[in-house]
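Notes for the one structure printed next.
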Amino acid sequence: MTRHIVLRLLRAAAVVVLVTTAAAALPHLMRGSPALATLGPNATPEQIAAFDAEIGLDDNALAAAWHWIADALHGDLGNSLANGVPVTTELGDRVPVTLELFAASQLVALAIALPVALWSAWRPGGWFDRLATALAFVWLAIPAFVLGLLLIYVAAVQWRILPATGWTPFTDDPADNLRHLVLPALTMGLTEAAVFTRTLRAQLMDTLDQTYIDAARGRGLGATRLLLRRALRPSALPLVTLIGIGFGMALGGSVLVETLFAVPGMGGLAATAINGRDFPVIQAIVVVTAVGVVAATLAVDLLYRRIDPRIAHDHR
Amino acid sequence: MTAVLQASDLSVVHRTRSGPLYAVSDVSLTLHRSRTLALVGESGSGKSSIAKAILHLPAPTRGTVTVDGVDLAGLTPRALRAFRPRVQMVFQDPLSSLNPRRRVRDIVAEALDAHPGTARTVDREARVRELLDAVGLSPDTFADRLPAQLSGGQAQRVAIARALAAEPHVLIADEAVSALDVSAQATVLNLLRRLTETLGLAGLFISHDLGVVRAVSDDVAVLYLGRVCEQGPTEDLLAAPAHPYTAALLAAVPEPGRALGDGHLLAVDPPSPLNPPSGCRFRTRCPYASAVCAEREPAMRVVAERRAVACHHPLPPFAAPATDDPTGHRPDHSIQHED
Amino acid sequence: MTVTTPTAGPGAAASHHPTPVLRVEALDVVIHPAHGRPLHVLHDVHLHIDAGECLGVVGESGSGKSVLSRTILGVPGRGTRVARTGRVRLHDEDILDMDARRRAGLPGAEIAMVHQDPMTSLNPVVRIADQVTEALTARRRLRRRERYRTAAELLAAVDVPDPEGRARAYPHELSGGLRQRVGIAAALAGEPALLLADEPTTALDVTVQRTVLDLLDRHRAERGLATLLITHDIGLLFGRARRIAVMYAGHIVETGRTEDVTDRPAHPYTAALLRSVPRVTGPLRRTLPTIPGAPPDLTRPRTGCPFAPRCDRASEQCTRATPPVHHAGAGHTASCFHPLSHPDADPQGASAAPNPAPRKATS
Amino acid sequence: SDDAVANKQPAPAGAAVDGGTLRVGLDRAFGRLDPADSALTSQPMLLLANSLFDPLMVNDKDGQVRPYLAKSFTPNADASSWTLELRDGVKFGNGRPLDAQAVIDHVQRLAKPESKCPCAADAATIAGMTASSPTSVRIDLKKPDAALPNLFTRALGYIASAPTDSSAPVGSGPFTVEQSQPGVSVTVARNPGYWGDKPHVDKVVYRVLPDADSRYQSVRSGDVDLIWAETPTHLRQSNTDGLRTATALGATTTTLFNTKVAPFDDPRVRRAMQYTIDRATLAKVVTLDQGKPAEGPLVSTAPYRSATPYPAPDPAKARQLLAEVGTPVRFDYLIPTQPEAQQRATVLQQMLGDVGIHMTIKPLDIPTYLSNLYQRQFQVADFTTSALGDPSTGLSTFFGTGSPTNFPGFADPALDTALATGRGALDPARRGAAYADAGRVLVQQAPALFLTENRVGFIAAAAVGGLPDLSGRSVVNVSPAALWVAR
Amino acid sequence: MTTADPTTRVAPASRTRYRIGPRGIRLASPGAVLAASWLAVVVLAAIVVPMLPGCDPLRADFTHPSAPPGPGHWFGTDDTGRDVLVRTAAGARASFGVAALTVSVGLVVGGALGIASGWFGGWADRVIGFATDLLMSVPALILVMIVVTLRGPSLPVIGGLIGLFTVPSFTRVTRAGALSLKERGFVQAARMIGTAPGRILRREILPNIAPAALSFAFTATTAAIVAEGALSFLGFGLRPPAPSWGGIIAQGRITLGSAPWISLIPAGVLCLTVLALNHLGESLRSGSPKESPR
Ligand SMILES: Nc1ncnc2c1ncn2[C@@H]1O[C@H](COP(=O)(O)OP(=O)(O)OP(=O)(O)O)[C@@H](O)[C@H]1O
Ligand SMILES: Nc1ncnc2c1ncn2[C@@H]1O[C@H](COP(=O)(O)OP(=O)(O)OP(=O)(O)O)[C@@H](O)[C@H]1O
Ligand SMILES: [Mg+2]
Ligand SMILES: [Mg+2]
């Protein structure tokens with residue numbers, strides 16, 4: 001068990017180191033001169049050299065990565081090229097926004113997916129199941145960017161009930177924060193709801209076909225208790241994985257939704273940084289996301305053991 | 001009697017997360033032409049592991065397997081592939097052992113197609129018909145069917161035909177009938193029996209069902225936690241088991257018109273193979289276990305003609321000489337357990 | 001067709017209680033699966049079980065044993081529609097057209113089931129205590145401590161060592177034999193009157209099988225449980241079931257006291273079944289008698305005796321007309337035009353059709 | 001077509017309202033709030049810059065450069081030395097006086113390479129600065145420059161007091177920073193010690209909304225009061241959506257040739273393309289009639305502009321020129337990834353294709369595009385600029401021999417002479433004549449094609465008042481202090 | 001790019017899930033027929049329409065910008081007067097091009113890795129597992145955006161990269177298949193007969209893994225189309241003169257209020273295509289008879 005966790009941690013660390021190295025190599029990938037593009041045609045050779053040093057272009061990628069990691073361990077992720085703000089400050093501002101958005105979207109997705117999947121799987125082939133499956137299918141076919149557009153158009157422009165863009169931090173004005181949260185969270189959540197529903201339904205169908213469900217029914221357990229207490233937990237693993245990986249990826253932000261709704265989260269930062277070749281910020285985002293995914297994977301792994309005691313048993 | 005296959009001191013160790021699992025320990029078997037040896041034991045006793053070790057799929061952790069005098073371990077991968085047809089196996093689950101996407105004809109002909117250019121491939125179609133006939137399936141009806149269109153007994157017969165197509169010298173059947181209904185089981189058992197006799201195959205028949213074993217095998221080896229605990233000709237062994245475990249197995253077999261025997265076990269379940277008991281592995285369930293059983297592992301001992309047993313306290317009439325038990329303790333075989 | 005019931009069978013009445021715990025009359029079940037054609041799975045099934053009695057039902061795979069027990073329990077398979085006719089009486093009350101709420105209250109309380117595979121019939125992520133007490137918690141809330149205490153008692157009653165510890169365990173931490181005991185404890189928890197045991201030992205080793213069956217016997221005797229013991233291994237019923245019903249393709253083709261049926265089978269199918277079982281005792285048969293052909297396709301409608309196509313005694317009428325009931329002895333009947341006769345058969349059963357000349361020689 | 005786009009002008013009925021918050025949607029992220037950062041003093045961001053800093057000089061209604069923070073800016077006879085008079089008593093937000101020394105410090109700070117200010121090149125034309133009195137600075141130039149005040153309308157002119165540590169410089173503007181999250185938003189509040197008129201609103205919140213459409217939807221749905229806009233569709237649609245606009249012809253779209261590479265080193269090829277392109281169609285299709293065809297290098301509202309006879313489309317002439325050249329013309333057309341640029345390129349592609357010129361569109365993201373442009377790694381490029389509103393700086397930056405931003409690599413002695421004359425002449429008539437000469441050369445030699453003048457500016461909610469009429473201006477420069485919100 | 005992914009499961013319950021019957025996909029269901037017809041129409045249009053005379057997707061009719069759907073321009077024209085129908089058909093080319101490349105990369109690389117990892121186990125499995133871990137921990141969309149800005153957008157870059165990020169999913173699907181097949185009797189039987197590994201792969205493994213992999217390929221196709229659309233929408237996708245659906249939708253959205261057909265028609269086509277692909281993938285997975293008629 002501990003051995004297993006230690007091995008997982010080592011593997012996770014290796015992943016992070018490799019991703020960091022790859023991220024450090026990014027400036028080397030660029031065509032033309034990053035320095036010229038940023039500094040303009042009047043830049044002096046000294047300015048260019050200083051710039052190259054700042055983004056690690058003067059070194060090979062390995063050495064740059066090493067320096068980056070060494071600095072990162074001291075809590076220094078460098079400064080943004082765009083505004084000179086320390087990247088850590090920038091991330092500190094953005095991560096909470098992105099996490100709030102992620103949490104809200106997952107709530108939306110789960111609030112839809114759980115009841116729908118449970119009802120669908122309980123009576124497979126019934127009218128509700130067929131309707132829900134068909135809807136999920138159609139829903140799944142609507143990309144987030146189309147959905148977001150429509151939501152803005154309908155809710156913000158036509159009905160004017162919700163703001164189209166922008167963000168108010170929760171600490172400033174909770175009510176306004178919620179108003180700004182609704183549309184982006186719906187866009188993300190509704191798209192995921194379809195995926196969640198399908199995943200959970202498929203797994204529930206599997207579970208409900210198991211003898212132990214029949215056995216519990218044979219002991220008089222009613223449908224609600226059967227579904228919630230007996231079937232949901234063994235069916236939860238794929239969903240937990242989805243949410244877990246989603247959480248890790250969420251640290252990188254949803255570029256699309258955040259751009260569309262001008263949410264000042266990590267995704268918006270990523271888009272701006274990429275557009276502006278703000279390499280220190282890009283690198284930090286990539287690495288932070290990788291760390292997030294790796295950590296989420298570990299957490300999911302541990303959660304698995306709580307959900308399904310057999311797994312813990314196998315690895316003991 | 002000619003020995004076709006000789007397995008010596010086979011040991012199989014599975015690596016698990018909880019440490020090495022000794023599935024098979026020092027098992028030696030000899031298979032003879034036209035004779036069938038049955039391997040009997042509880043679930044998890046290592047029956048399938050022995051079969052796989054013999055087939056070198058993969059090779060055993062220790063021990064050697066020689067077929068027709070050739071040591072399989074000494075063969076190059078290519079030579080091993082060419083040699084493989086000599087030993088064939090039929091699996092427990094008839095349906096999952098047939099590729100659901102291929103027709104019966106192609107499944108049976110696989111051995112012919114896999115080694116093109118050898119003598120076997122003379123006339124594919126004729127050979128397929130011949131094989132299907134041999135297992136009692138009408139070629140016209142069955143050659144073009146897919147596995148999903150076969151019943152369990154038919155599928156098992158197709159699997160046997162596929163094995164026969166390789167012209168094996170040894171045929172292993174791993175629980176080949178335990179998934180079948182009695183009527184289909186009888187058909188397959190008859191078929192196996194007939195084939196070993198008419199084709200002169202050496203058979204290894206793996207089963208947990210003593211009734212079935214009696215119907216097909218000439219000899220029996222009883223396996224307990226990866227070790228052979230008793231061996232002998234089927235009829236003799238079933239008539240007078242020497243090992244308490246064999247006796248318990250036999251006593252537990254329910255049969256119409258037969259009162260259940262009084263053989264009983266101390267513990268219901270076998271111990272974990274990850275952590276087998278010291279000395280005699282059976283002692284935790286053995287009603288006759290004594291101090292010596294915990295200390296020393298009983299060696300395989302010949303107790304009668306072609307009968308061997310590994311027990312410190314074999315049942316009468318095979319009771320061990322007193323020297324075998326340094327404590328001088330005689331287990332009381334007459335104790336009756338009230339269950 | 002009528003199968004002997006205590007009231008219908010002359011001379012049988014005295015040996016039974018006036019109202020059996022379970023009485024199944026003329027039960028027909030047709031399954032309409034989500035895809036594919038409907039299957040006529042049970043045909044005109046009659047049986048009854050008294051309190052404290054064990055009825056063995058034996059038949060090959062697909063003969064409808066599980067459907068029978070599911071129908072009685074009232075838990076049909078998901079995703080299929082099931083059409084039933086006939087009557088299933090529990091203590092003289094028809095549970096097929098009982099009001100749905102009351103019907104839903106029966107499983108676990110009045111009727112309980114032990115499943116075939118202890119590995120799959122326990123929920124891997126739920127502690128033993130919670131599963132064992134399901135029959136109780138389905139009806140009223142039990143506090144955690146109470147649950148564990150009750151569970152430990154129930155487990156102790158089925159000889160599980162260290163019941164308190166096992167109550168906290170998860171199924172995978174138990175061996176196969178223990179798991180099946182847990183299954184039995186869970187079935188007994190609601191103190192049912194009727195226990196349905198659907199192949200309770202098929203997945204177990206013979207040594208374990210014996211102890212589990214002994215346990216069932218003990219509880220049947222102690223609690224006066226009516227038990228339906230389903231198996232495909234006829235030998236297993238010997239000495240355990242008082243009476244046997246032999247099923248073939250959804251029909252009960254023969255029923256009677258266990259010794260009568262095994263010693264003097266009247267139906268050719270029963271006889272063939274008994275012959276093809278390989279035995280550890282008795283004369284050594286190197287070639288086992290077999291039954292040619294395969295069981296019928298349940299999706300196809302058919303007339304006459306279902307076994308006729310495979311039967312070596314079949315005559316032409318067997319495929320056309322429903323076979324009559326042959327009384328082979330006290331409470332021993334078979335549905336057959338050409339039953340096997342035995343010299344010591346009960347003369348009272350001789351009223352049935354005489355043995356015709358066999359069409360083929362018996363193998 | 002000018003009438004069609006008349007600025008919907010003022011204002012909510014009644015007088016200016018004081019108080020409240022103005023919410024503005026900016027089109028790009030701001031970096032440091034430092035005039036040295038080119039992003040802050042780009043045209044769309046001047047609204048933000050103006051809240052924190054006061055420019056010394058400003059482009060006024062008629063396009064003329066007039067003093068704003070400065071009291072006066074006067075040249076000597078040959079424009080080689082200028083005297084800047086400052087207002088008395090102006091203080092930075094941090095309380096330090098905005099005096100002559102502060103101006104000198106500011107210019108010197110921006111001239112240093114560390115400032116990374118593109119204005120460093122401008123600053124380099126200054127030979128020396130002396131504070132002749134606390135409110136007076138003398139600026140000596142290396143070369144006479146009659147257009148020097150122009151340089152003080154943007155970065156160099158936004159006098160800021162830079163602290164010694166790394167925190168942001170402080171200006172003397174009507175507002176001071178209250179809260180800032182770079183790349184997201186900045187809130188500014190009234191500067192109590194402001195020297196000028198008190199701003200109407202208490203606060204301005206600037207939000208970064210880079211996506212043009214989101215930005216437009218935001219003003220439409222009332223999330224913000226004012227946005228920067230340059231998308232023709234939005235400008236046109238705003239009329240029907242009950243929004244108001246304040247725009248100027250602030251951007252010229254051009255096509256730059258790399259005159260150093262074949263076949264564009266041949267003026268005939270360039271002229272052939274000049275004859276091919278139908279600017280009226282471009283204006284109609286791409287700018288949706290919101291802009292107008294360019295009639296020469298200078299924007300129509302630019303000072304000293306005299307109409308240049310720009311050739312009318314004549315495909316026959318173009319074919320003839322191409323026939324003279326002989327070799328078929330195929331090239332890559334470098335464009336930045338903005339929808340309008342792509343649309344423009346597609347239209348050009350079709351027009352050029354009709355006379356047998358094969359053009360491949362090569363869209364690049366902006367940094368790569370700029371880097372290619374700077375390194376002259378292109379054949380022909382799409383280029384949009386707001387600098388052509390000012391003749392002196394605009395023309396010499398882009399076409400003067402040896403200028404680092406002379407992307408075409410164009411070198412023409414006649415042009416240089418005309419530009420030098422214009423730059424050195426304080427007399428408006430002489431200056432006008434010189435720039436007319438320059439214009440003629442540029443049209444003749446065609447190192448670049450001038451396509452359309454586009455409308456850029458602000459779209460505002462109906463409640464916003466105080467938006468000036470920008471239609472006569474060549475640079476969009478609005479102070480937030482003048483705006484109010486009726487709520 | 002969270003493609004609905006086949007998550008590791010504990011119970012071996014899905015062993016017989018993905019299989020197609022003897023006669024391939026059962027196209028009997030009207031839904032599947034409809035889906036297949038729709039795809040056929042779109043693919044045909046993508047191939048044929050841009051080649052028809054007068055159907056140059058880049059050719060603008062400057063006199064009719066933003067014309068609503070009607071005769072002449074069935075789906076209307078965009079803001080430069082280009083025919084929306086023709087452009088949608090041309091956009092299908094780009095979108096399908098990306099999807100095809102994505103799925104090829106995913107299927108070939110992921111399939112090979114998955115089979116190798118499942119079949120060989122041990123070190124191969126661990127190394128491949130690590131590599132997929134690595135890929136999965138990288139924020140895919142962000143990385144594609146970065147590479148696109150650094151290397152420029154092109155079909156190989158975008159398709160290849162999206163494909164790269166579908167590799168782990170394909171690996172997982174095929175690995176699970178190979179792992180369970182390895183233990184299946186018929187594969188063991190083939191090894192026992194001495195069948196050469198290549199032949200086992202061809203005859204026994206691939207045909208049985210293919211349905212699952214192909215079914216997932218449909219999902220991956222839709223994911224690729226949507227991902228490319230999102231990239232285009234953000235300005236990091238394929239660019240003119242070869243716009244993809246995402247690009248066309250993004251371009252038309254500024255006129256959503258005044259000329260909604262410019263983005264809504266391609267958006268509708270995109271949604272329908274994704275729907276059709278999903279449906280076919282699903283039929284492939286579930287429309288097939290179970291292996292054993294129990
Ligand atoms: N691949 C494996 N990895 C780890 N342990 C294994 C593996 N295969 C078998 N074992 C273990 O080895 C022991 C012997 O297994 P084997 O399959 O040989 O038993 P068996 O006698 O064939 O049982 P059964 O009657 O259930 O088929 C068991 O404890 C089993 O759990
Ligand atoms: N839910 C269902 N859908 C379709 N067919 C079913 C269903 N349940 C049972 N059947 C069919 O009904 C017949 C009887 O099934 P049943 O499970 O009762 O057989 P059984 O006697 O219990 O067999 P076994 O010994 O294999 O358990 C079989 O042919 C089976 O395929
Ligand atoms: Mg086995
Ligand atoms: Mg059953």
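Letters for chains follow the order of the structure tokens (A, B, ...), residue numbers begin at 1 for each chain, and ligand numbers begin at 1 in the order shown.
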(request) Extract, using only C-alpha atoms, all DNA, RNA and protein residues at most 9 Å from E:Ser95, discarding same-chain residues fewer than 6 positions from it, and format them as a list in words. (result) Ala224, Ile225, Val226, Glu228, Gly229, Pro243, Ser244, Trp245 and Gly246 of chain E
(request) Write out as JSON, numbers by chain the residues lying within 9 Å of A:Leu147, counting only C-alpha atoms and excluding same-chain residues fewer than 4 positions away. (result) {"A": [142, 143, 151, 152, 187, 190, 191]}
(request) Do a neighbour search on B:Leu266 at 8 Å with only C-alpha atoms, toss out local chain neighbours closer than 4 positions, and write the hits as number ranges by chain. (result) B: 284-287
If we count only C-alpha atoms, what is near stretch 304-315 of chain D at a cut-off of 9 Å, once residues fewer than 3 positions away on the same chain are taken out, given as a PDB file with C-alpha atoms, in the first residue's frame?
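In the end it all went to part.pdb:
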```
ATOM      1  CA  ALA D 272      -0.286  47.080 -61.685  1.00  0.00           C
ATOM      2  CA  MET D 273      -1.673  46.067 -58.349  1.00  0.00           C
ATOM      3  CA  GLN D 274      -2.535  49.652 -57.575  1.00  0.00           C
ATOM      4  CA  TYR D 275      -4.618  49.774 -60.742  1.00  0.00           C
ATOM      5  CA  THR D 276      -6.247  46.461 -60.002  1.00  0.00           C
ATOM      6  CA  ILE D 277      -7.634  47.116 -56.572  1.00  0.00           C
ATOM      7  CA  ASP D 278     -11.060  48.614 -56.403  1.00  0.00           C
ATOM      8  CA  ARG D 279     -10.969  50.481 -53.105  1.00  0.00           C
ATOM      9  CA  ALA D 294      -8.168  55.988 -49.032  1.00  0.00           C
ATOM     10  CA  GLU D 295      -7.171  58.776 -51.330  1.00  0.00           C
ATOM     11  CA  GLY D 296      -3.475  58.748 -50.745  1.00  0.00           C
ATOM     12  CA  PRO D 297      -1.042  58.175 -47.945  1.00  0.00           C
ATOM     13  CA  LEU D 298      -2.541  60.630 -45.508  1.00  0.00           C
ATOM     14  CA  VAL D 299      -5.850  60.245 -43.754  1.00  0.00           C
ATOM     15  CA  SER D 300      -8.473  62.619 -45.037  1.00  0.00           C
ATOM     16  CA  THR D 301      -8.664  64.362 -41.678  1.00  0.00           C
ATOM     17  CA  ALA D 318      -2.882  46.668 -64.889  1.00  0.00           C
ATOM     18  CA  ARG D 319      -2.831  43.865 -67.423  1.00  0.00           C
ATOM     19  CA  GLN D 320      -0.797  45.992 -69.748  1.00  0.00           C
ATOM     20  CA  ASP D 354      -9.039  38.501 -62.057  1.00  0.00           C
ATOM     21  CA  VAL D 355      -6.005  40.130 -63.677  1.00  0.00           C
ATOM     22  CA  ASP D 390       0.097  62.659 -38.764  1.00  0.00           C
ATOM     23  CA  PRO D 391       2.144  63.454 -41.869  1.00  0.00           C
ATOM     24  CA  PRO D 428       2.160  75.624 -42.719  1.00  0.00           C
ATOM     25  CA  ALA D 429       2.051  76.414 -46.433  1.00  0.00           C
ATOM     26  CA  ARG D 431       4.849  72.135 -44.986  1.00  0.00           C
ATOM     27  CA  GLY D 432       1.675  71.368 -46.853  1.00  0.00           C
ATOM     28  CA  ALA D 433       3.440  71.658 -50.188  1.00  0.00           C
ATOM     29  CA  TYR D 435       3.827  66.683 -47.879  1.00  0.00           C
ATOM     30  CA  ALA D 436       1.898  66.968 -51.125  1.00  0.00           C
ATOM     31  CA  GLY D 439       2.295  62.001 -51.302  1.00  0.00           C
ATOM     32  CA  ARG D 440       2.780  62.175 -55.035  1.00  0.00           C
ATOM     33  CA  VAL D 443       1.459  57.170 -55.055  1.00  0.00           C
ATOM     34  CA  GLN D 444       3.768  57.126 -58.053  1.00  0.00           C
TER      35      GLN D 444
END
```
(request) Starting from chain A, keep only residues with some atom at most 10 Å from an atom of chain D, counting only C-alpha atoms, and report them as a ChimeraX atom specification. (result) /A:30-44,46-47,50,80-85,89-90,93-94,149,152-153,155-167,259-265,268-269,271-277
(request) Find the residues around B:Ile107 up to 10 Å (only C-alpha atoms counted), leave out those fewer than 5 positions away in its own chain, and share them as an MDAnalysis selection string. (result) (chainID B and resid 98:102 112:113 128 143 146:147 158:159 161:163 165) or (chainID E and resid 186 189:190)
(request) Quick one: pick out all strand (DSSP E) residues within stretch 126-316 of chain B from a backbone DSSP run and write them as number ranges by chain. (result) B: 170-174, 202-207, 219-224, 227-233, 301-304, 307-309
(request) Let me have all residues with an atom within 10 Å of ligand 1, counting only C-alpha atoms and all ligand atoms, laid out as an MDAnalysis selection string. (result) (chainID B and resid 12:24 39:53 92 174:175 178 206:208 223:226 271:274) or (chainID C and resid 203:205) or (chainID E and resid 183)
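A distance search around ligand 4 (10 Å at most, only C-alpha atoms and all ligand atoms) returns the following protein and nucleic acid residues: Gly59, Glu60, Ser61, Gly62, Ser63, Gly64, Lys65, Ser66, Val67, Leu68, Ser69, Arg70, His115, Gln116, Asp198, Glu199, Ile230, Thr231 and His232 of chain C.
Minimum distance to D:Thr240 across E:Phe96, E:Thr77, E:Lys182, E:Gly257 (counting only C-alpha atoms) occurs at E:Gly257.
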(message) From a backbone DSSP assignment, name each residue in stretch 88-157 of chain D labelled alpha helix (DSSP H), as a PyMOL selection string.
(response) chain D and resi 100-111+120-123+148-151
Store the residues of this selection in a file with C-alpha atoms, as a PDB file, in the first residue's frame.
```
ATOM      1  CA  ALA D 100      10.576  70.830 -15.540  1.00  0.00           C
ATOM      2  CA  GLN D 101      12.830  68.322 -13.845  1.00  0.00           C
ATOM      3  CA  ALA D 102      10.025  65.784 -13.755  1.00  0.00           C
ATOM      4  CA  VAL D 103       9.602  66.159 -17.523  1.00  0.00           C
ATOM      5  CA  ILE D 104      13.312  65.697 -18.089  1.00  0.00           C
ATOM      6  CA  ASP D 105      13.393  62.645 -15.799  1.00  0.00           C
ATOM      7  CA  HIS D 106      10.464  61.168 -17.621  1.00  0.00           C
ATOM      8  CA  VAL D 107      11.934  61.582 -21.090  1.00  0.00           C
ATOM      9  CA  GLN D 108      15.285  60.303 -19.956  1.00  0.00           C
ATOM     10  CA  ARG D 109      13.724  57.253 -18.338  1.00  0.00           C
ATOM     11  CA  LEU D 110      11.858  56.371 -21.524  1.00  0.00           C
ATOM     12  CA  ALA D 111      14.946  56.910 -23.628  1.00  0.00           C
ATOM     13  CA  ALA D 120      13.151  55.430 -27.325  1.00  0.00           C
ATOM     14  CA  ALA D 121      13.919  56.140 -30.978  1.00  0.00           C
ATOM     15  CA  ASP D 122      11.954  59.375 -30.804  1.00  0.00           C
ATOM     16  CA  ALA D 123      13.725  60.337 -27.628  1.00  0.00           C
ATOM     17  CA  LEU D 148       8.295  67.728 -32.407  1.00  0.00           C
ATOM     18  CA  PRO D 149       5.043  68.383 -30.469  1.00  0.00           C
ATOM     19  CA  ASN D 150       3.627  65.300 -32.148  1.00  0.00           C
ATOM     20  CA  LEU D 151       6.098  63.159 -30.251  1.00  0.00           C
TER      21      LEU D 151
END
```
Could you give me, as a PDB file with N, CA, C and O atoms, in the first residue's frame, the residues within 10 Å of A:Thr224, counting only C-alpha atoms and dropping anything in the same chain fewer than 4 positions from it?
```pdb
ATOM      1  N   LEU A 118     -29.916   7.952 -13.233  1.00  0.00           N
ATOM      2  CA  LEU A 118     -30.547   6.962 -12.359  1.00  0.00           C
ATOM      3  C   LEU A 118     -31.897   6.516 -12.918  1.00  0.00           C
ATOM      4  O   LEU A 118     -32.178   5.323 -13.006  1.00  0.00           O
ATOM      5  N   TRP A 119     -32.665   7.498 -13.326  1.00  0.00           N
ATOM      6  CA  TRP A 119     -33.983   7.150 -13.838  1.00  0.00           C
ATOM      7  C   TRP A 119     -33.871   6.360 -15.148  1.00  0.00           C
ATOM      8  O   TRP A 119     -34.564   5.366 -15.363  1.00  0.00           O
ATOM      9  N   TRP A 122     -32.719   2.817 -14.521  1.00  0.00           N
ATOM     10  CA  TRP A 122     -33.664   1.987 -13.782  1.00  0.00           C
ATOM     11  C   TRP A 122     -34.672   1.355 -14.719  1.00  0.00           C
ATOM     12  O   TRP A 122     -35.051   0.209 -14.559  1.00  0.00           O
ATOM     13  N   LEU A 228     -29.815   4.551  -4.783  1.00  0.00           N
ATOM     14  CA  LEU A 228     -28.919   5.492  -4.115  1.00  0.00           C
ATOM     15  C   LEU A 228     -27.913   4.790  -3.214  1.00  0.00           C
ATOM     16  O   LEU A 228     -26.757   5.191  -3.139  1.00  0.00           O
ATOM     17  N   ARG A 229     -28.379   3.736  -2.516  1.00  0.00           N
ATOM     18  CA  ARG A 229     -27.493   3.130  -1.532  1.00  0.00           C
ATOM     19  C   ARG A 229     -26.700   1.957  -2.070  1.00  0.00           C
ATOM     20  O   ARG A 229     -25.683   1.582  -1.506  1.00  0.00           O
ATOM     21  N   ARG A 230     -27.235   1.295  -3.075  1.00  0.00           N
ATOM     22  CA  ARG A 230     -26.590   0.066  -3.504  1.00  0.00           C
ATOM     23  C   ARG A 230     -25.947   0.158  -4.880  1.00  0.00           C
ATOM     24  O   ARG A 230     -24.927  -0.449  -5.130  1.00  0.00           O
ATOM     25  N   ALA A 231     -26.583   0.917  -5.784  1.00  0.00           N
ATOM     26  CA  ALA A 231     -26.098   0.891  -7.167  1.00  0.00           C
ATOM     27  C   ALA A 231     -25.173   2.057  -7.478  1.00  0.00           C
ATOM     28  O   ALA A 231     -24.258   1.935  -8.283  1.00  0.00           O
TER      29      ALA A 231
END
```
